[in-house]
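Data block for input09.csv (CSV, C-alpha atoms and all ligand atoms):
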chain,number,residue,atom,x,y,z
A,17,MET,CA,-9.9,78.1,118.3
A,18,TYR,CA,-8.0,80.3,115.8
A,19,ARG,CA,-4.3,79.8,115.7
A,20,ALA,CA,-2.1,82.2,113.9
A,21,PRO,CA,0.6,80.6,111.7
A,22,LEU,CA,3.9,80.5,113.7
A,23,ALA,CA,6.8,82.5,112.6
A,24,ALA,CA,10.1,80.6,112.2
A,25,TYR,CA,13.4,81.0,114.0
A,26,PRO,CA,15.0,83.5,114.3
A,27,ALA,CA,11.8,85.6,114.2
A,28,LEU,CA,10.3,83.2,116.7
A,29,ARG,CA,12.4,82.7,119.7
A,30,PRO,CA,10.3,81.1,122.5
A,31,ARG,CA,13.0,82.0,125.1
A,32,ARG,CA,12.0,85.7,124.8
A,33,LEU,CA,9.0,84.9,127.0
A,34,ARG,CA,11.2,83.1,129.6
A,35,GLN,CA,14.0,85.6,130.1
A,36,ALA,CA,12.9,86.9,133.5
A,37,ASP,CA,10.5,86.2,136.3
A,38,TRP,CA,8.3,89.1,135.4
A,39,ILE,CA,7.6,87.9,131.9
A,40,ARG,CA,7.3,84.3,133.0
A,41,ARG,CA,4.6,85.3,135.5
A,42,LEU,CA,2.9,87.5,132.9
A,43,VAL,CA,2.4,84.7,130.3
A,44,ARG,CA,1.8,81.8,132.7
A,45,GLU,CA,-1.3,79.9,131.6
A,46,THR,CA,-2.3,78.3,134.9
A,47,VAL,CA,-1.7,79.3,138.5
A,48,LEU,CA,-2.1,77.3,141.7
A,49,THR,CA,-3.7,79.1,144.7
A,50,PRO,CA,-4.8,78.0,148.2
A,51,SER,CA,-8.4,78.1,146.8
A,52,ASP,CA,-7.5,75.0,144.7
A,53,LEU,CA,-6.8,72.8,147.7
A,54,ILE,CA,-8.9,70.4,149.8
A,55,TRP,CA,-7.0,69.3,152.8
A,56,SER,CA,-7.2,65.6,153.5
A,57,LEU,CA,-6.7,64.5,157.0
A,58,VAL,CA,-7.2,61.5,159.3
A,59,VAL,CA,-8.8,61.7,162.7
A,60,HIS,CA,-8.6,59.3,165.6
A,61,ASP,CA,-10.5,59.0,168.9
A,62,GLY,CA,-7.7,59.2,171.4
A,63,PRO,CA,-6.4,62.0,173.5
A,64,GLU,CA,-3.1,62.4,171.6
A,65,ASP,CA,-3.3,65.5,169.5
A,66,GLU,CA,-1.1,63.9,166.8
A,67,ILE,CA,-0.1,60.4,166.1
A,68,GLN,CA,2.6,60.0,163.5
A,69,VAL,CA,2.1,57.4,160.7
A,70,ALA,CA,5.4,56.0,159.5
A,71,SER,CA,4.5,55.8,155.8
A,72,MET,CA,3.0,59.4,155.8
A,73,PRO,CA,5.6,61.7,157.4
A,74,GLY,CA,4.1,65.1,158.2
A,75,ALA,CA,0.5,63.9,157.9
A,76,PRO,CA,-0.4,62.5,161.4
A,77,ARG,CA,-3.6,61.2,162.7
A,78,MET,CA,-5.3,64.0,164.6
A,79,SER,CA,-7.5,64.1,167.6
A,80,VAL,CA,-10.9,65.7,167.2
A,81,ARG,CA,-9.7,68.7,169.2
A,82,ARG,CA,-6.7,69.1,166.8
A,83,ALA,CA,-8.9,68.7,163.8
A,84,ALA,CA,-11.0,71.6,164.9
A,85,GLU,CA,-7.8,73.6,165.2
A,86,ALA,CA,-6.9,72.5,161.6
A,87,ALA,CA,-10.3,73.9,160.4
A,88,ARG,CA,-9.3,77.3,161.9
A,89,GLU,CA,-5.9,76.9,160.3
A,90,ALA,CA,-7.6,76.2,156.9
A,91,ARG,CA,-9.6,79.3,157.2
A,92,THR,CA,-6.6,81.4,157.9
A,93,LEU,CA,-4.6,79.9,155.1
A,94,GLY,CA,-7.5,80.3,152.6
A,95,ILE,CA,-8.0,76.6,152.1
A,96,PRO,CA,-11.7,76.2,151.2
A,97,ALA,CA,-12.4,72.7,152.4
A,98,ILE,CA,-11.2,69.7,154.4
A,99,ALA,CA,-11.8,66.0,153.6
A,100,VAL,CA,-11.9,64.0,156.8
A,101,PHE,CA,-11.2,60.3,157.2
A,102,PRO,CA,-11.5,58.2,160.4
A,103,PHE,CA,-9.1,55.8,162.1
A,104,ILE,CA,-11.6,53.5,163.9
A,105,ASP,CA,-10.8,51.5,167.0
A,106,PRO,CA,-10.5,47.9,165.8
A,107,ALA,CA,-12.8,46.8,168.6
A,108,LEU,CA,-15.6,48.8,167.0
A,109,LYS,CA,-15.2,47.2,163.5
A,110,ASP,CA,-17.5,44.4,162.3
A,111,ASP,CA,-18.4,42.9,159.0
A,112,ARG,CA,-21.3,45.3,158.4
A,113,GLY,CA,-19.4,48.5,159.3
A,114,THR,CA,-21.9,49.3,162.0
A,115,ALA,CA,-19.9,52.2,163.3
A,116,ALA,CA,-20.3,54.0,160.0
A,117,THR,CA,-23.8,54.9,160.9
A,118,ASP,CA,-23.3,55.9,164.5
A,119,GLU,CA,-24.6,59.4,164.9
A,120,ASN,CA,-22.2,59.9,167.8
A,121,GLY,CA,-19.3,58.2,166.1
A,122,LEU,CA,-15.9,59.7,165.5
A,123,ILE,CA,-16.7,61.1,162.0
A,124,CYS,CA,-19.9,62.9,163.2
A,125,ARG,CA,-18.1,64.4,166.2
A,126,ALA,CA,-15.2,65.5,164.1
A,127,VAL,CA,-17.5,67.1,161.5
A,128,LYS,CA,-19.4,69.0,164.3
A,129,ALA,CA,-16.2,70.1,166.0
A,130,MET,CA,-14.7,71.4,162.7
A,131,LYS,CA,-18.0,73.2,161.7
A,132,ASP,CA,-18.2,74.8,165.1
A,133,ALA,CA,-14.6,75.9,165.0
A,134,ALA,CA,-14.7,77.3,161.4
A,135,PRO,CA,-18.1,77.3,159.8
A,136,GLU,CA,-16.7,79.0,156.7
A,137,VAL,CA,-14.7,75.9,155.8
A,138,GLY,CA,-16.4,73.2,153.8
A,139,ILE,CA,-16.3,69.7,155.2
A,140,MET,CA,-16.2,66.6,153.0
A,141,CYS,CA,-16.8,63.0,154.1
A,142,ASP,CA,-16.0,59.8,152.4
A,143,VAL,CA,-19.1,57.6,151.9
A,144,ALA,CA,-17.6,54.1,152.1
A,145,LEU,CA,-17.4,51.3,154.7
A,146,ASP,CA,-13.8,50.4,154.6
A,147,PRO,CA,-12.6,52.3,157.8
A,148,PHE,CA,-15.4,50.6,159.7
A,149,THR,CA,-15.4,47.0,158.4
A,150,SER,CA,-13.5,44.1,160.1
A,151,HIS,CA,-12.4,42.9,156.6
A,152,GLY,CA,-11.3,46.3,155.3
A,153,HIS,CA,-13.5,46.3,152.2
A,154,ASP,CA,-15.8,49.2,151.1
A,155,GLY,CA,-18.9,47.0,151.0
A,156,LEU,CA,-20.8,44.1,152.5
A,157,ILE,CA,-19.5,40.6,151.7
A,158,GLU,CA,-21.3,37.4,151.0
A,159,ASN,CA,-19.5,34.2,150.0
A,160,GLY,CA,-16.4,36.2,149.2
A,161,ARG,CA,-18.2,38.6,146.9
A,162,ILE,CA,-18.8,42.3,147.5
A,163,LEU,CA,-22.6,42.9,147.4
A,164,ASN,CA,-23.6,45.9,145.3
A,165,ASP,CA,-27.2,46.8,146.2
A,166,ALA,CA,-27.1,45.8,149.8
A,167,THR,CA,-24.0,47.9,150.2
A,168,VAL,CA,-25.7,50.9,148.6
A,169,GLU,CA,-28.4,50.7,151.2
A,170,ARG,CA,-25.8,51.0,154.0
A,171,LEU,CA,-24.0,53.8,152.1
A,172,ILE,CA,-27.3,55.8,152.0
A,173,GLU,CA,-27.7,55.5,155.8
A,174,GLN,CA,-24.1,56.5,156.2
A,175,GLY,CA,-24.4,59.5,153.9
A,176,LEU,CA,-27.5,60.8,155.6
A,177,VAL,CA,-25.9,60.5,159.1
A,178,GLN,CA,-22.9,62.5,157.9
A,179,ALA,CA,-25.1,65.1,156.2
A,180,ALA,CA,-27.2,65.4,159.4
A,181,ALA,CA,-23.9,66.0,161.4
A,182,GLY,CA,-23.2,69.0,159.1
A,183,CYS,CA,-21.1,67.6,156.4
A,184,ASP,CA,-21.2,69.9,153.3
A,185,ILE,CA,-19.9,67.5,150.6
A,186,LEU,CA,-20.6,63.8,150.5
A,187,ALA,CA,-17.9,61.9,148.5
A,188,PRO,CA,-18.9,58.3,147.7
A,189,SER,CA,-15.6,56.5,147.3
A,190,ASP,CA,-16.9,53.0,147.3
A,191,MET,CA,-17.4,52.4,143.5
A,192,MET,CA,-20.6,50.6,143.9
A,193,ASP,CA,-23.0,51.0,141.0
A,194,GLY,CA,-26.0,53.3,141.4
A,195,ARG,CA,-25.0,54.9,144.7
A,196,VAL,CA,-24.8,58.5,143.5
A,197,GLY,CA,-28.5,58.4,142.3
A,198,ARG,CA,-29.7,56.8,145.5
A,199,LEU,CA,-27.8,59.2,147.6
A,200,ARG,CA,-29.1,62.2,145.7
A,201,THR,CA,-32.8,61.1,145.9
A,202,SER,CA,-32.4,60.3,149.6
A,203,LEU,CA,-30.9,63.7,150.3
A,204,GLU,CA,-33.8,65.4,148.5
A,205,ALA,CA,-36.3,63.2,150.3
A,206,GLU,CA,-34.8,64.3,153.6
A,207,GLY,CA,-34.9,68.0,152.6
A,208,MET,CA,-31.1,68.2,152.6
A,209,THR,CA,-31.1,69.8,149.2
A,210,ASP,CA,-27.9,71.8,149.6
A,211,VAL,CA,-25.6,68.9,150.4
A,212,ALA,CA,-23.2,68.5,147.5
A,213,ILE,CA,-22.0,65.3,146.0
A,214,MET,CA,-18.4,64.9,144.8
A,215,ALA,CA,-18.3,61.4,143.2
A,216,TYR,CA,-15.2,59.4,143.2
A,217,ALA,CA,-16.3,58.7,139.7
A,218,ALA,CA,-13.1,57.2,138.2
A,219,LYS,CA,-11.4,55.5,141.0
A,220,TYR,CA,-8.8,52.9,140.1
A,221,ALA,CA,-7.6,49.8,142.0
A,222,SER,CA,-4.3,51.3,142.9
A,223,ALA,CA,-1.1,50.4,144.8
A,224,PHE,CA,-0.9,54.1,145.7
A,225,TYR,CA,-3.5,53.8,148.5
A,226,GLY,CA,-1.0,51.8,150.7
A,227,PRO,CA,-0.1,54.6,153.2
A,228,TYR,CA,-3.7,55.7,153.6
A,229,ARG,CA,-4.6,52.1,154.7
A,230,ASP,CA,-1.9,52.4,157.3
A,231,ALA,CA,-3.2,55.7,158.5
A,232,ILE,CA,-6.8,54.6,158.9
A,233,GLY,CA,-5.8,51.1,160.2
A,234,SER,CA,-7.3,49.0,157.4
A,235,ALA,CA,-4.0,47.7,155.9
A,236,SER,CA,-3.6,45.0,158.6
A,237,VAL,CA,-7.2,43.7,158.2
A,238,LEU,CA,-7.8,44.0,154.4
A,239,SER,CA,-8.2,40.6,152.8
A,240,GLY,CA,-7.6,40.3,149.0
A,241,ASP,CA,-7.8,43.3,146.7
A,242,LYS,CA,-10.5,45.7,145.5
A,243,LYS,CA,-10.4,44.8,141.8
A,244,THR,CA,-14.0,43.7,141.5
A,245,TYR,CA,-15.2,47.2,142.3
A,246,GLN,CA,-12.4,49.7,141.7
A,247,MET,CA,-11.4,50.3,138.1
A,248,ASP,CA,-8.7,48.5,136.0
A,249,PRO,CA,-5.7,50.9,135.5
A,250,GLY,CA,-5.7,50.0,131.8
A,251,ASN,CA,-9.0,51.7,131.1
A,252,SER,CA,-9.7,55.2,129.9
A,253,GLU,CA,-13.0,54.9,127.9
A,254,GLU,CA,-14.6,53.2,131.0
A,255,ALA,CA,-13.6,56.2,133.1
A,256,LEU,CA,-15.7,58.4,130.8
A,257,ARG,CA,-18.7,56.1,131.1
A,258,GLU,CA,-18.3,56.1,134.9
A,259,VAL,CA,-18.2,59.9,135.0
A,260,ALA,CA,-21.2,60.2,132.7
A,261,LEU,CA,-23.2,57.8,134.9
A,262,ASP,CA,-22.4,59.7,138.1
A,263,ILE,CA,-23.3,63.1,136.5
A,264,SER,CA,-26.6,61.7,135.2
A,265,GLU,CA,-27.3,60.4,138.7
A,266,GLY,CA,-26.8,63.8,140.2
A,267,ALA,CA,-23.2,64.4,141.1
A,268,ASP,CA,-22.3,68.1,141.4
A,269,MET,CA,-18.5,67.5,141.0
A,270,VAL,CA,-16.5,64.5,139.9
A,271,MET,CA,-13.1,63.2,141.0
A,272,VAL,CA,-10.3,61.1,139.4
A,273,LYS,CA,-8.2,59.0,141.8
A,274,PRO,CA,-5.2,58.5,142.1
A,275,GLY,CA,-3.9,61.7,140.6
A,276,MET,CA,-0.5,61.9,139.1
A,277,PRO,CA,-0.5,58.5,137.3
A,278,TYR,CA,-4.0,59.4,135.9
A,279,LEU,CA,-3.5,62.9,134.6
A,280,ASP,CA,-4.6,61.7,131.1
A,281,ILE,CA,-8.0,60.7,132.6
A,282,VAL,CA,-8.3,64.1,134.4
A,283,GLN,CA,-7.7,65.9,131.2
A,284,ARG,CA,-10.2,63.8,129.2
A,285,VAL,CA,-12.9,64.1,131.9
A,286,ALA,CA,-12.4,67.9,132.3
A,287,GLU,CA,-12.6,68.5,128.6
A,288,THR,CA,-15.5,66.1,127.9
A,289,PHE,CA,-17.9,67.1,130.7
A,290,ALA,CA,-16.9,70.6,131.7
A,291,LEU,CA,-18.1,70.0,135.2
A,292,PRO,CA,-15.9,70.8,138.2
A,293,THR,CA,-13.3,68.0,138.1
A,294,PHE,CA,-11.0,67.2,141.0
A,295,ALA,CA,-8.1,64.8,141.5
A,296,PHE,CA,-7.0,63.1,144.7
A,297,GLN,CA,-3.3,63.3,145.2
A,298,VAL,CA,-3.4,60.1,147.2
A,299,SER,CA,-1.3,58.9,150.1
A,300,GLY,CA,1.3,57.0,148.0
A,301,GLU,CA,1.9,60.1,145.9
A,302,TYR,CA,2.4,62.1,149.0
A,303,ALA,CA,4.7,59.5,150.5
A,304,MET,CA,6.9,59.3,147.4
A,305,ILE,CA,7.6,63.0,147.4
A,306,GLN,CA,8.1,63.1,151.2
A,307,ALA,CA,10.4,60.1,151.1
A,308,ALA,CA,12.6,61.4,148.3
A,309,ALA,CA,12.7,64.9,149.9
A,310,GLN,CA,13.7,63.4,153.3
A,311,ASN,CA,16.6,61.6,151.6
A,312,GLY,CA,17.7,64.9,150.1
A,313,TRP,CA,17.0,63.5,146.6
A,314,ILE,CA,14.6,66.1,145.5
A,315,ASP,CA,13.6,69.6,146.7
A,316,GLY,CA,10.4,68.7,148.6
A,317,ASP,CA,8.7,72.1,148.4
A,318,ARG,CA,9.3,72.5,144.7
A,319,ALA,CA,8.2,69.0,143.9
A,320,MET,CA,5.1,69.5,146.0
A,321,LEU,CA,4.1,72.7,144.1
A,322,GLU,CA,5.0,71.3,140.7
A,323,SER,CA,2.9,68.2,141.3
A,324,LEU,CA,-0.1,70.2,142.5
A,325,GLY,CA,0.4,72.7,139.6
A,326,GLY,CA,0.2,69.7,137.2
A,327,PHE,CA,-3.4,69.1,138.3
A,328,LYS,CA,-4.4,72.6,137.4
A,329,ARG,CA,-2.7,72.4,134.0
A,330,ALA,CA,-4.6,69.2,133.3
A,331,GLY,CA,-7.9,70.9,133.9
A,332,CYS,CA,-8.7,70.3,137.6
A,333,ALA,CA,-10.8,72.7,139.5
A,334,GLY,CA,-9.0,71.6,142.6
A,335,VAL,CA,-6.9,68.9,144.3
A,336,ILE,CA,-7.5,66.8,147.4
A,337,THR,CA,-4.1,66.6,149.1
A,338,TYR,CA,-2.3,65.9,152.4
A,339,PHE,CA,0.1,68.8,151.4
A,340,ALA,CA,-2.7,71.4,151.6
A,341,PRO,CA,-1.5,73.4,154.6
A,342,ARG,CA,2.2,73.2,153.6
A,343,ALA,CA,1.3,74.2,150.0
A,344,ALA,CA,-0.8,77.1,151.1
A,345,ARG,CA,2.0,78.3,153.3
A,346,ALA,CA,4.6,77.9,150.5
A,347,LEU,CA,2.3,79.8,148.1
A,348,ALA,CA,1.8,82.6,150.7
A,349,GLY,CA,5.4,83.3,150.9
B,401,LIG,C1,-11.7,54.1,150.7
B,401,LIG,C2,-10.7,55.2,150.3
B,401,LIG,C3,-9.4,55.0,150.0
B,401,LIG,C4,-8.9,56.3,149.8
B,401,LIG,C5,-9.9,57.2,150.1
B,401,LIG,N1,-11.0,56.5,150.4
B,401,LIG,C6,-8.6,53.8,149.8
B,401,LIG,C7,-9.1,52.6,149.2
B,401,LIG,O1,-10.0,52.6,148.3
B,401,LIG,O2,-8.7,51.5,149.6
B,401,LIG,C8,-7.4,56.5,149.5
B,401,LIG,C9,-6.9,57.8,149.9
B,401,LIG,C10,-5.4,57.8,149.8
B,401,LIG,O3,-4.7,56.8,149.4
B,401,LIG,O4,-4.9,58.9,150.2
B,401,LIG,N2,-12.9,54.0,150.1
Could you express the structure from this file as structure tokens?
Amino acid sequence: MYRAPLAAYPALRPRRLRQADWIRRLVRETVLTPSDLIWSLVVHDGPEDEIQVASMPGAPRMSVRRAAEAAREARTLGIPAIAVFPFIDPALKDDRGTAATDENGLICRAVKAMKDAAPEVGIMCDVALDPFTSHGHDGLIENGRILNDATVERLIEQGLVQAAAGCDILAPSDMMDGRVGRLRTSLEAEGMTDVAIMAYAAKYASAFYGPYRDAIGSASVLSGDKKTYQMDPGNSEEALREVALDISEGADMVMVKPGMPYLDIVQRVAETFALPTFAFQVSGEYAMIQAAAQNGWIDGDRAMLESLGGFKRAGCAGVITYFAPRAARALAG
């Protein structure tokens, strides 16, 4: 890119471009819009329309009925897609995550209800076993180890069930090796050629998932940590390898997760691969902003929009966030 030599002060006064709202808007480099948002929400199987989760104020578990209403709300607000996660009844959990492949299970019913309510809104599903397993891990366990290849077989079954229910985007979040390729060839084999894959390509073993595990009810059952499959927070080169692998296996879009502590990774990935790159502003990031705002320590709406704008500036095509409806409303007016 050609860069003209800069004039020096006083000829160059950067504040000229900041002197009023009109000129700040005129020269702004990146802009957040509702089209940048994917609304993450958790569904449960009970009759209560909303069940509050203490560590995620303002992001309750929703009934299937309420989730369908949320889909219509997304349409009205201009939010293109919803990512849905399940709170599974503990009685339905086992060590293989059997409920993950139930065609009449909670996730499939939620997907159908949302697609019926607002077919114009894209629906994205996590491909991972953790909401369904009695041990809270994303894969099958043998002798204390998470099995890779046997888990991938379960994930393929899960992904196909979700796609058959009407899910538009499959988002493998398990970090097993080789799952994107197997998922892509299986979708092709089933004739489901239009189902997109957004790979959780660079997903780190993070403390910021805590409130999510409360929301889906895996926190109380999870044994140990996920460090043998999720990435080490110290690594950046490895993130590029992970992304390259998922793209070569057939991912249409890639994701970095968590978001704010990993903006350097977002920027490297977006610049290196020039493929739609997303970030997940995870539950812990949401909870921090909400907690500080509730204490009156920060302006919640401004902090929300500033944090989301940061993802755009770093190169994201969009952001998965629990703030989506609130952010869309704030942007509208
Ligand atoms: C599970 C999964 C997690 C999240 C999305 N899918 C948590 C984990 O890996 O333990 C986190 C979402 C959030 O924290 O908001 N595969």
Within 8 Å of ligand LIG 401 (chain B), counting only C-alpha atoms and all ligand atoms, residues as a VMD selection string: chain A and resid 56 101 142 to 147 153 to 154 188 to 190 219 221 to 222 224 to 229 242 246 274 296 to 300 337 to 338
Within 12 Å of Arg44 (chain A), counting all atoms listed in the file, which residues qualify if same-chain residues fewer than 5 places away don't, as a PDB file with C-alpha atoms, in the frame of the given file?
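The result, stored in result_19.pdb:
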ATOM      1  CA  LEU A  33       9.000  84.900 127.000  1.00  0.00           C
ATOM      2  CA  ARG A  34      11.200  83.100 129.600  1.00  0.00           C
ATOM      3  CA  ASP A  37      10.500  86.200 136.300  1.00  0.00           C
ATOM      4  CA  TRP A  38       8.300  89.100 135.400  1.00  0.00           C
ATOM      5  CA  ILE A  39       7.600  87.900 131.900  1.00  0.00           C
ATOM      6  CA  GLY A 325       0.400  72.700 139.600  1.00  0.00           C
ATOM      7  CA  ARG A 329      -2.700  72.400 134.000  1.00  0.00           C
TER       8      ARG A 329
END
Interatomic distance, CA of Ala319 (chain A) to CA of Ala340 (chain A) (Å, one decimal):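 Atom-to-atom, CA of Ala319 (chain A) to CA of Ala340 (chain A), that is 13.6 Å.
What separates CA of Gln310 (chain A) from CA of Gly334 (chain A) is a distance of 26.4 Å.
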A:Glu64, A:Asp317, A:Asp132, A:Asp241 ranked by distance to Arg88 (chain A), top pick (using all atoms listed in the file):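 Under the stated criterion, the closest residue is A:Asp132.
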Surrounding residues of Leu261 (chain A) excluding itself and chain neighbours under 4 positions, 9 Å, only C-alpha atoms, as a ChimeraX atom specification: /A:194,196,217,256-257,265-266
Contact residues around region 112-129 of chain A with only C-alpha atoms at 6 Å, ignoring same-chain residues under 6 positions, as a PyMOL selection string: chain A and resi 80+84+145+148-149+174+181
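Closest to Phe289 (chain A) among A:Ser264, A:Lys273, A:Glu173, A:Met78 is A:Ser264, based on all atoms listed in the file.
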Surrounding residues of Thr209 (chain A) excluding itself and chain neighbours under 2 positions, 12 Å, only C-alpha atoms, as a ChimeraX atom specification: /A:176,179-180,184-185,199-207,211-213,266,268
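CA of Ala344 (chain A) lies 5.0 Å from CA of Pro50 (chain A).
Compared by their closest atoms to Glu89 (chain A), and using only C-alpha atoms, the residues A:Met72, A:Ala133, A:Met320, A:Ala223 rank with A:Ala133 nearest.
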Within 12 Å of Ser79 (chain A) using only C-alpha atoms, minus same-chain residues under 2 positions, as a PyMOL selection string: chain A and resi 57-68+76-77+81-86+100-104+122-123+125-126+129-130
Residue among A:Ile263, A:Arg161, A:Ala23, A:Met191 lying closest to Pro292 (chain A), counting only C-alpha atoms: A:Ile263
Local residues around (-8.5, 65.3, 139.7), at most 9 Å away, using only C-alpha atoms, as a PyMOL selection string: chain A and resi 270-276+278-279+281-283+286+293-297+327-328+330-336
Point (-5.3, 42.6, 160.8) neighbourhood (10 Å, only C-alpha atoms) written as a ChimeraX atom specification: /A:106,150-152,233-239
Copy region 310-318 of chain A out of the block into a file, keeping all heavy atoms, as a PDB file, in the first residue's frame.
ATOM      1  N   GLN A 310     -23.310  -3.508  36.243  1.00  0.00           N
ATOM      2  CA  GLN A 310     -24.301  -3.581  37.318  1.00  0.00           C
ATOM      3  C   GLN A 310     -23.812  -2.920  38.596  1.00  0.00           C
ATOM      4  O   GLN A 310     -24.590  -2.469  39.419  1.00  0.00           O
ATOM      5  CB  GLN A 310     -24.677  -5.040  37.590  1.00  0.00           C
ATOM      6  CG  GLN A 310     -25.549  -5.607  36.487  1.00  0.00           C
ATOM      7  CD  GLN A 310     -26.059  -7.013  36.770  1.00  0.00           C
ATOM      8  OE1 GLN A 310     -25.601  -7.664  37.710  1.00  0.00           O
ATOM      9  NE2 GLN A 310     -26.985  -7.479  35.967  1.00  0.00           N
ATOM     10  N   ASN A 311     -22.491  -2.889  38.767  1.00  0.00           N
ATOM     11  CA  ASN A 311     -21.915  -2.217  39.921  1.00  0.00           C
ATOM     12  C   ASN A 311     -21.776  -0.719  39.702  1.00  0.00           C
ATOM     13  O   ASN A 311     -21.300  -0.012  40.586  1.00  0.00           O
ATOM     14  CB  ASN A 311     -20.536  -2.813  40.239  1.00  0.00           C
ATOM     15  CG  ASN A 311     -20.656  -4.039  41.127  1.00  0.00           C
ATOM     16  OD1 ASN A 311     -21.081  -3.929  42.268  1.00  0.00           O
ATOM     17  ND2 ASN A 311     -20.322  -5.185  40.596  1.00  0.00           N
ATOM     18  N   GLY A 312     -22.110  -0.283  38.496  1.00  0.00           N
ATOM     19  CA  GLY A 312     -21.962   1.131  38.189  1.00  0.00           C
ATOM     20  C   GLY A 312     -20.514   1.533  37.939  1.00  0.00           C
ATOM     21  O   GLY A 312     -20.166   2.716  37.980  1.00  0.00           O
ATOM     22  N   TRP A 313     -19.661   0.545  37.660  1.00  0.00           N
ATOM     23  CA  TRP A 313     -18.235   0.845  37.473  1.00  0.00           C
ATOM     24  C   TRP A 313     -17.887   1.208  36.045  1.00  0.00           C
ATOM     25  O   TRP A 313     -16.857   1.816  35.791  1.00  0.00           O
ATOM     26  CB  TRP A 313     -17.380  -0.357  37.917  1.00  0.00           C
ATOM     27  CG  TRP A 313     -17.499  -0.662  39.388  1.00  0.00           C
ATOM     28  CD1 TRP A 313     -17.895   0.198  40.370  1.00  0.00           C
ATOM     29  CD2 TRP A 313     -17.236  -1.914  40.021  1.00  0.00           C
ATOM     30  NE1 TRP A 313     -17.883  -0.436  41.588  1.00  0.00           N
ATOM     31  CE2 TRP A 313     -17.488  -1.735  41.390  1.00  0.00           C
ATOM     32  CE3 TRP A 313     -16.807  -3.159  39.559  1.00  0.00           C
ATOM     33  CZ2 TRP A 313     -17.318  -2.766  42.321  1.00  0.00           C
ATOM     34  CZ3 TRP A 313     -16.640  -4.184  40.486  1.00  0.00           C
ATOM     35  CH2 TRP A 313     -16.899  -3.991  41.846  1.00  0.00           C
ATOM     36  N   ILE A 314     -18.692   0.737  35.088  1.00  0.00           N
ATOM     37  CA  ILE A 314     -18.501   1.157  33.693  1.00  0.00           C
ATOM     38  C   ILE A 314     -19.885   1.406  33.093  1.00  0.00           C
ATOM     39  O   ILE A 314     -20.891   0.949  33.624  1.00  0.00           O
ATOM     40  CB  ILE A 314     -17.768   0.100  32.814  1.00  0.00           C
ATOM     41  CG1 ILE A 314     -18.489  -1.243  32.836  1.00  0.00           C
ATOM     42  CG2 ILE A 314     -16.312  -0.043  33.207  1.00  0.00           C
ATOM     43  CD1 ILE A 314     -17.923  -2.258  31.869  1.00  0.00           C
ATOM     44  N   ASP A 315     -19.894   2.112  31.979  1.00  0.00           N
ATOM     45  CA  ASP A 315     -21.128   2.323  31.226  1.00  0.00           C
ATOM     46  C   ASP A 315     -21.332   1.067  30.372  1.00  0.00           C
ATOM     47  O   ASP A 315     -20.598   0.837  29.403  1.00  0.00           O
ATOM     48  CB  ASP A 315     -20.955   3.587  30.371  1.00  0.00           C
ATOM     49  CG  ASP A 315     -22.172   3.876  29.482  1.00  0.00           C
ATOM     50  OD1 ASP A 315     -22.866   2.907  29.064  1.00  0.00           O
ATOM     51  OD2 ASP A 315     -22.413   5.052  29.187  1.00  0.00           O
ATOM     52  N   GLY A 316     -22.311   0.245  30.746  1.00  0.00           N
ATOM     53  CA  GLY A 316     -22.490  -1.055  30.121  1.00  0.00           C
ATOM     54  C   GLY A 316     -22.697  -1.001  28.612  1.00  0.00           C
ATOM     55  O   GLY A 316     -22.068  -1.746  27.871  1.00  0.00           O
ATOM     56  N   ASP A 317     -23.572  -0.111  28.149  1.00  0.00           N
ATOM     57  CA  ASP A 317     -23.860  -0.059  26.717  1.00  0.00           C
ATOM     58  C   ASP A 317     -22.633   0.365  25.914  1.00  0.00           C
ATOM     59  O   ASP A 317     -22.327  -0.193  24.869  1.00  0.00           O
ATOM     60  CB  ASP A 317     -25.032   0.888  26.428  1.00  0.00           C
ATOM     61  CG  ASP A 317     -26.370   0.145  26.462  1.00  0.00           C
ATOM     62  OD1 ASP A 317     -26.353  -1.086  26.708  1.00  0.00           O
ATOM     63  OD2 ASP A 317     -27.410   0.796  26.263  1.00  0.00           O
ATOM     64  N   ARG A 318     -21.935   1.359  26.431  1.00  0.00           N
ATOM     65  CA  ARG A 318     -20.738   1.821  25.704  1.00  0.00           C
ATOM     66  C   ARG A 318     -19.662   0.744  25.694  1.00  0.00           C
ATOM     67  O   ARG A 318     -19.004   0.512  24.676  1.00  0.00           O
ATOM     68  CB  ARG A 318     -20.200   3.108  26.332  1.00  0.00           C
ATOM     69  CG  ARG A 318     -21.038   4.330  25.956  1.00  0.00           C
ATOM     70  CD  ARG A 318     -20.379   5.627  26.425  1.00  0.00           C
ATOM     71  NE  ARG A 318     -19.035   5.765  25.881  1.00  0.00           N
ATOM     72  CZ  ARG A 318     -18.065   6.496  26.432  1.00  0.00           C
ATOM     73  NH1 ARG A 318     -18.288   7.136  27.572  1.00  0.00           N
ATOM     74  NH2 ARG A 318     -16.886   6.585  25.861  1.00  0.00           N
TER      75      ARG A 318
END
